[in-house]
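Listing of protein.csv, CSV, all heavy atoms
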chain,number,residue,atom,x,y,z
A,203,MET,N,57.6,121.2,160.4
A,203,MET,CA,57.0,121.8,159.2
A,203,MET,C,57.4,123.2,159.0
A,203,MET,O,57.7,123.6,157.8
A,203,MET,CB,55.5,121.6,159.4
A,203,MET,CG,54.7,122.0,158.2
A,203,MET,SD,55.0,120.8,156.9
A,203,MET,CE,53.7,121.2,155.8
A,204,THR,N,57.4,124.0,160.0
A,204,THR,CA,57.8,125.4,159.8
A,204,THR,C,59.3,125.6,159.5
A,204,THR,O,59.7,126.6,158.9
A,204,THR,CB,57.5,126.3,161.1
A,204,THR,OG1,58.2,125.7,162.2
A,204,THR,CG2,56.0,126.3,161.4
A,205,ARG,N,60.0,124.6,159.8
A,205,ARG,CA,61.5,124.6,159.5
A,205,ARG,C,61.7,124.6,158.0
A,205,ARG,O,62.7,125.1,157.5
A,205,ARG,CB,62.1,123.3,160.1
A,205,ARG,CG,63.6,123.3,159.9
A,205,ARG,CD,64.3,122.2,160.7
A,205,ARG,NE,63.7,120.9,160.3
A,205,ARG,CZ,64.3,119.8,160.5
A,205,ARG,NH1,65.4,119.7,161.2
A,205,ARG,NH2,63.8,118.7,160.1
A,206,PHE,N,60.7,124.1,157.2
A,206,PHE,CA,60.8,124.0,155.8
A,206,PHE,C,60.1,125.2,155.1
A,206,PHE,O,60.4,125.7,154.0
A,206,PHE,CB,60.3,122.7,155.2
A,206,PHE,CG,61.0,121.5,155.7
A,206,PHE,CD1,60.5,120.6,156.5
A,206,PHE,CD2,62.3,121.3,155.3
A,206,PHE,CE1,61.2,119.5,157.0
A,206,PHE,CE2,63.1,120.2,155.7
A,206,PHE,CZ,62.5,119.3,156.6
A,207,LEU,N,59.0,125.7,155.8
A,207,LEU,CA,58.2,126.8,155.2
A,207,LEU,C,58.9,128.1,155.4
A,207,LEU,O,58.7,129.0,154.5
A,207,LEU,CB,56.9,126.8,155.9
A,207,LEU,CG,56.0,125.6,155.5
A,207,LEU,CD1,54.6,125.8,156.2
A,207,LEU,CD2,55.7,125.6,154.0
A,208,LEU,N,59.7,128.3,156.4
A,208,LEU,CA,60.3,129.6,156.6
A,208,LEU,C,61.3,130.0,155.6
A,208,LEU,O,61.3,131.0,155.0
A,208,LEU,CB,60.9,129.7,158.0
A,208,LEU,CG,61.6,131.0,158.4
A,208,LEU,CD1,60.6,132.1,158.5
A,208,LEU,CD2,62.3,130.9,159.8
A,209,PRO,N,62.3,129.1,155.2
A,209,PRO,CA,63.2,129.4,154.1
A,209,PRO,C,62.5,129.6,152.8
A,209,PRO,O,62.8,130.4,152.0
A,209,PRO,CB,64.1,128.2,154.1
A,209,PRO,CG,64.0,127.6,155.4
A,209,PRO,CD,62.6,127.8,155.9
A,210,LEU,N,61.4,128.8,152.6
A,210,LEU,CA,60.7,128.9,151.3
A,210,LEU,C,60.0,130.3,151.2
A,210,LEU,O,60.0,130.9,150.2
A,210,LEU,CB,59.6,127.8,151.2
A,210,LEU,CG,58.7,127.8,150.0
A,210,LEU,CD1,59.6,127.6,148.7
A,210,LEU,CD2,57.7,126.8,150.1
A,211,GLY,N,59.4,130.7,152.4
A,211,GLY,CA,58.8,132.1,152.4
A,211,GLY,C,59.8,133.2,152.2
A,211,GLY,O,59.5,134.1,151.5
A,212,VAL,N,61.0,133.1,152.8
A,212,VAL,CA,62.0,134.1,152.6
A,212,VAL,C,62.5,134.1,151.1
A,212,VAL,O,62.7,135.1,150.5
A,212,VAL,CB,63.2,133.8,153.6
A,212,VAL,CG1,64.4,134.7,153.2
A,212,VAL,CG2,62.8,134.0,155.0
A,213,PHE,N,62.7,132.9,150.6
A,213,PHE,CA,63.1,132.8,149.2
A,213,PHE,C,62.0,133.4,148.2
A,213,PHE,O,62.4,134.2,147.3
A,213,PHE,CB,63.3,131.4,148.8
A,213,PHE,CG,63.6,131.2,147.3
A,213,PHE,CD1,64.8,131.6,146.8
A,213,PHE,CD2,62.6,130.7,146.5
A,213,PHE,CE1,65.0,131.4,145.4
A,213,PHE,CE2,62.8,130.5,145.1
A,213,PHE,CZ,64.1,130.9,144.6
A,214,LEU,N,60.8,133.1,148.5
A,214,LEU,CA,59.7,133.7,147.6
A,214,LEU,C,59.6,135.2,147.7
A,214,LEU,O,59.5,135.9,146.7
A,214,LEU,CB,58.4,133.0,147.9
A,214,LEU,CG,58.2,131.6,147.5
A,214,LEU,CD1,56.9,131.0,148.0
A,214,LEU,CD2,58.3,131.5,146.0
A,215,ALA,N,59.8,135.7,149.0
A,215,ALA,CA,59.7,137.2,149.1
A,215,ALA,C,60.9,137.8,148.4
A,215,ALA,O,60.7,138.9,147.8
A,215,ALA,CB,59.7,137.5,150.6
A,216,LEU,N,62.1,137.3,148.5
A,216,LEU,CA,63.2,137.8,147.9
A,216,LEU,C,63.1,137.7,146.3
A,216,LEU,O,63.4,138.7,145.6
A,216,LEU,CB,64.5,137.0,148.3
A,216,LEU,CG,65.8,137.6,147.9
A,216,LEU,CD1,66.0,139.0,148.5
A,216,LEU,CD2,66.9,136.7,148.4
A,217,ALA,N,62.6,136.6,145.8
A,217,ALA,CA,62.4,136.5,144.4
A,217,ALA,C,61.4,137.5,143.9
A,217,ALA,O,61.6,138.1,142.8
A,217,ALA,CB,61.9,135.0,144.1
A,218,ILE,N,60.3,137.7,144.6
A,218,ILE,CA,59.3,138.7,144.2
A,218,ILE,C,59.9,140.1,144.2
A,218,ILE,O,59.7,140.9,143.3
A,218,ILE,CB,58.1,138.6,145.1
A,218,ILE,CG1,57.3,137.3,144.8
A,218,ILE,CG2,57.2,139.8,144.9
A,218,ILE,CD1,56.2,137.0,145.8
A,219,ALA,N,60.7,140.4,145.2
A,219,ALA,CA,61.3,141.8,145.3
A,219,ALA,C,62.3,142.0,144.1
A,219,ALA,O,62.4,143.0,143.5
A,219,ALA,CB,62.0,141.9,146.6
A,220,LEU,N,63.1,140.9,143.8
A,220,LEU,CA,64.1,141.1,142.7
A,220,LEU,C,63.3,141.1,141.4
A,220,LEU,O,63.8,141.9,140.5
A,220,LEU,CB,65.0,139.9,142.7
A,220,LEU,CG,66.0,139.9,143.9
A,220,LEU,CD1,66.8,138.6,143.9
A,220,LEU,CD2,66.9,141.1,143.8
A,221,ALA,N,62.3,140.4,141.2
A,221,ALA,CA,61.5,140.4,139.9
A,221,ALA,C,60.9,141.8,139.8
A,221,ALA,O,60.8,142.3,138.6
A,221,ALA,CB,60.5,139.3,139.9
A,222,ALA,N,60.4,142.4,140.8
A,222,ALA,CA,59.8,143.8,140.7
A,222,ALA,C,60.9,144.8,140.3
A,222,ALA,O,60.7,145.7,139.6
A,222,ALA,CB,59.2,144.1,142.0
A,223,GLY,N,62.1,144.6,140.8
A,223,GLY,CA,63.2,145.5,140.5
A,223,GLY,C,63.7,145.3,139.1
A,223,GLY,O,64.0,146.3,138.4
A,224,LEU,N,63.6,144.1,138.5
A,224,LEU,CA,64.0,143.9,137.1
A,224,LEU,C,63.0,144.5,136.2
A,224,LEU,O,63.3,144.8,135.0
A,224,LEU,CB,64.2,142.4,136.9
A,224,LEU,CG,65.5,141.8,137.5
A,224,LEU,CD1,65.5,140.3,137.3
A,224,LEU,CD2,66.7,142.5,136.9
A,225,SER,N,61.7,144.6,136.6
A,225,SER,CA,60.7,145.1,135.6
A,225,SER,C,60.7,146.6,135.5
A,225,SER,O,60.0,147.1,134.7
A,225,SER,CB,59.3,144.6,136.1
A,225,SER,OG,59.0,145.2,137.3
A,226,ARG,N,61.5,147.3,136.4
A,226,ARG,CA,61.5,148.8,136.3
A,226,ARG,C,62.5,149.3,135.3
A,226,ARG,O,63.6,148.6,135.1
A,226,ARG,CB,61.8,149.3,137.7
A,226,ARG,CG,60.7,149.1,138.7
A,226,ARG,CD,61.1,149.7,140.0
A,226,ARG,NE,59.9,149.6,140.9
A,226,ARG,CZ,59.6,150.5,141.8
A,226,ARG,NH1,60.3,151.6,141.9
A,226,ARG,NH2,58.5,150.4,142.5
A,227,ASP,N,62.3,150.4,134.8
A,227,ASP,CA,63.2,151.0,133.8
A,227,ASP,C,64.2,151.9,134.6
A,227,ASP,O,63.8,152.9,135.3
A,227,ASP,CB,62.5,151.9,132.8
A,227,ASP,CG,63.4,152.5,131.8
A,227,ASP,OD1,64.5,152.1,131.6
A,227,ASP,OD2,62.9,153.4,131.0
A,228,PRO,N,65.5,151.6,134.6
A,228,PRO,CA,66.5,152.4,135.4
A,228,PRO,C,66.7,153.8,134.9
A,228,PRO,O,67.1,154.7,135.6
A,228,PRO,CB,67.8,151.6,135.2
A,228,PRO,CG,67.6,150.8,134.0
A,228,PRO,CD,66.2,150.5,133.9
A,229,ARG,N,66.3,154.1,133.6
A,229,ARG,CA,66.5,155.4,133.1
A,229,ARG,C,65.3,156.3,133.5
A,229,ARG,O,65.4,157.5,133.4
A,229,ARG,CB,66.6,155.4,131.6
A,229,ARG,CG,67.9,154.8,131.1
A,229,ARG,CD,67.9,154.6,129.7
A,229,ARG,NE,67.2,153.4,129.4
A,229,ARG,CZ,66.7,153.1,128.3
A,229,ARG,NH1,66.9,153.8,127.2
A,229,ARG,NH2,66.0,151.9,128.1
A,230,ALA,N,64.2,155.7,134.1
A,230,ALA,CA,63.1,156.5,134.5
A,230,ALA,C,63.2,157.0,135.9
A,230,ALA,O,62.3,157.7,136.4
A,230,ALA,CB,61.8,155.6,134.4
A,231,LEU,N,64.4,156.8,136.5
A,231,LEU,CA,64.6,157.3,137.9
A,231,LEU,C,64.8,158.8,137.9
A,231,LEU,O,65.7,159.3,137.3
A,231,LEU,CB,65.9,156.6,138.4
A,231,LEU,CG,66.3,157.0,139.8
A,231,LEU,CD1,65.3,156.4,140.8
A,231,LEU,CD2,67.7,156.4,140.1
A,232,PRO,N,63.9,159.5,138.6
A,232,PRO,CA,64.0,160.9,138.6
A,232,PRO,C,65.2,161.4,139.5
A,232,PRO,O,65.5,160.8,140.5
A,232,PRO,CB,62.7,161.4,139.3
A,232,PRO,CG,62.3,160.2,140.2
A,232,PRO,CD,62.8,159.0,139.4
A,233,SER,N,65.9,162.3,138.9
A,233,SER,CA,67.1,162.8,139.6
A,233,SER,C,67.1,164.3,139.5
A,233,SER,O,66.9,164.9,138.4
A,233,SER,CB,68.4,162.2,139.0
A,233,SER,OG,69.5,162.8,139.6
A,234,PRO,N,67.4,165.1,140.6
A,234,PRO,CA,67.5,166.5,140.5
A,234,PRO,C,68.8,167.0,139.7
A,234,PRO,O,68.9,168.2,139.4
A,234,PRO,CB,67.5,166.9,142.0
A,234,PRO,CG,68.1,165.8,142.7
A,234,PRO,CD,67.6,164.6,141.9
A,235,LEU,N,69.7,166.1,139.5
A,235,LEU,CA,71.0,166.5,138.8
A,235,LEU,C,70.9,166.4,137.3
A,235,LEU,O,71.8,166.8,136.6
A,235,LEU,CB,72.1,165.7,139.4
A,235,LEU,CG,72.4,165.9,140.9
A,235,LEU,CD1,73.5,165.0,141.3
A,235,LEU,CD2,72.6,167.3,141.2
A,236,VAL,N,69.9,165.8,136.8
A,236,VAL,CA,69.8,165.6,135.3
A,236,VAL,C,69.6,166.9,134.6
A,236,VAL,O,68.8,167.7,135.0
A,236,VAL,CB,68.6,164.6,135.0
A,236,VAL,CG1,68.4,164.6,133.5
A,236,VAL,CG2,68.9,163.2,135.5
A,237,GLY,N,70.4,167.2,133.6
A,237,GLY,CA,70.4,168.4,132.8
A,237,GLY,C,71.1,169.6,133.4
A,237,GLY,O,71.1,170.6,132.9
A,238,LYS,N,71.8,169.4,134.6
A,238,LYS,CA,72.6,170.5,135.2
A,238,LYS,C,74.0,170.2,134.9
A,238,LYS,O,74.5,169.1,134.8
A,238,LYS,CB,72.3,170.5,136.7
A,238,LYS,CG,70.9,171.0,137.0
A,238,LYS,CD,70.7,171.2,138.5
A,238,LYS,CE,69.2,171.6,138.7
A,238,LYS,NZ,69.0,171.8,140.2
A,239,PRO,N,74.9,171.3,134.9
A,239,PRO,CA,76.3,171.0,134.7
A,239,PRO,C,76.9,170.4,135.9
A,239,PRO,O,76.4,170.6,137.0
A,239,PRO,CB,76.8,172.5,134.4
A,239,PRO,CG,75.8,173.4,135.0
A,239,PRO,CD,74.5,172.7,134.9
A,240,ALA,N,78.0,169.7,135.7
A,240,ALA,CA,78.8,169.1,136.8
A,240,ALA,C,79.4,170.3,137.6
A,240,ALA,O,79.8,171.3,137.1
A,240,ALA,CB,79.8,168.2,136.3
A,241,PRO,N,79.5,170.1,138.9
A,241,PRO,CA,80.2,171.1,139.8
A,241,PRO,C,81.7,171.2,139.5
A,241,PRO,O,82.3,170.2,139.1
A,241,PRO,CB,79.9,170.6,141.2
A,241,PRO,CG,79.6,169.2,141.1
A,241,PRO,CD,79.0,169.0,139.7
A,242,ALA,N,82.2,172.4,139.7
A,242,ALA,CA,83.7,172.6,139.4
A,242,ALA,C,84.5,171.9,140.5
A,242,ALA,O,84.1,171.9,141.7
A,242,ALA,CB,84.0,174.1,139.4
A,243,PHE,N,85.6,171.3,140.2
A,243,PHE,CA,86.4,170.6,141.1
A,243,PHE,C,87.8,170.6,140.6
A,243,PHE,O,88.1,170.8,139.4
A,243,PHE,CB,86.0,169.2,141.4
A,243,PHE,CG,86.0,168.3,140.2
A,243,PHE,CD1,87.1,167.5,140.0
A,243,PHE,CD2,84.9,168.2,139.4
A,243,PHE,CE1,87.2,166.7,138.9
A,243,PHE,CE2,85.0,167.4,138.3
A,243,PHE,CZ,86.1,166.6,138.0
A,244,GLU,N,88.8,170.4,141.5
A,244,GLU,CA,90.2,170.4,141.2
A,244,GLU,C,90.8,169.1,141.7
A,244,GLU,O,90.5,168.6,142.7
A,244,GLU,CB,91.0,171.6,141.8
A,244,GLU,CG,90.6,172.9,141.3
A,244,GLU,CD,91.4,174.0,141.9
A,244,GLU,OE1,92.4,173.7,142.5
A,244,GLU,OE2,90.9,175.2,141.8
A,245,LEU,N,91.7,168.5,140.8
A,245,LEU,CA,92.4,167.3,141.2
A,245,LEU,C,93.9,167.6,141.5
A,245,LEU,O,94.5,168.4,140.7
A,245,LEU,CB,92.3,166.3,140.1
A,245,LEU,CG,90.9,165.7,139.8
A,245,LEU,CD1,90.9,164.8,138.6
A,245,LEU,CD2,90.3,165.0,141.0
A,246,PRO,N,94.5,167.0,142.5
A,246,PRO,CA,95.9,167.3,142.7
A,246,PRO,C,96.7,166.6,141.6
A,246,PRO,O,96.3,165.5,141.0
A,246,PRO,CB,96.1,166.6,144.1
A,246,PRO,CG,95.0,165.6,144.2
A,246,PRO,CD,93.9,166.1,143.5
A,247,LEU,N,97.9,167.1,141.3
A,247,LEU,CA,98.8,166.5,140.3
A,247,LEU,C,99.4,165.3,140.9
A,247,LEU,O,99.8,165.3,142.1
A,247,LEU,CB,99.8,167.6,139.9
A,247,LEU,CG,99.3,168.8,139.1
A,247,LEU,CD1,100.4,169.7,138.8
A,247,LEU,CD2,98.6,168.3,137.8
A,248,LEU,N,99.6,164.3,140.2
A,248,LEU,CA,100.3,163.1,140.7
A,248,LEU,C,101.8,163.2,140.4
A,248,LEU,O,102.3,163.6,139.5
A,248,LEU,CB,99.7,161.9,139.9
A,248,LEU,CG,98.3,161.6,140.2
A,248,LEU,CD1,97.9,160.3,139.4
A,248,LEU,CD2,98.1,161.3,141.7

Encoded form (structure tokens):
Amino acid sequence: MTRFLLPLGVFLALAIALAAGLSRDPRALPSPLVGKPAPAFELPLL
């Protein structure tokens, strides 16, 4: 019996975690770099 319940429980936990992630707004992620200029860098010539 537990042989069938364990995969079902893992699947349900994964489905709940993915559903919670889909309901969040990705633009609402706070970032300390928003609104600041990009750092200076140099690229080598090819």

For this session: Grab the atom C of Gly223 (chain A) to atom O of Gly211 (chain A) distance for me, in Å with one decimal place.
Result: 17.2 Å

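CB of Ala219 (chain A) is positioned 21.6 Å from CA of Arg205 (chain A).
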
Exercise. Mind checking DSSP for chain A and telling me the alpha helix (DSSP H) residues as a PyMOL selection string?
Worked result: chain A and resi 204-224

For region 231-246 of chain A, I'd like the enclosing box, axis-aligned and padded by 3 Å on every side, reported as lines of an AutoDock Vina configuration file with centre and edge lengths in Å to one decimal.
center_x = 79.5
center_y = 165.8
center_z = 138.5
size_x = 40.4
size_y = 24.8
size_z = 17.4
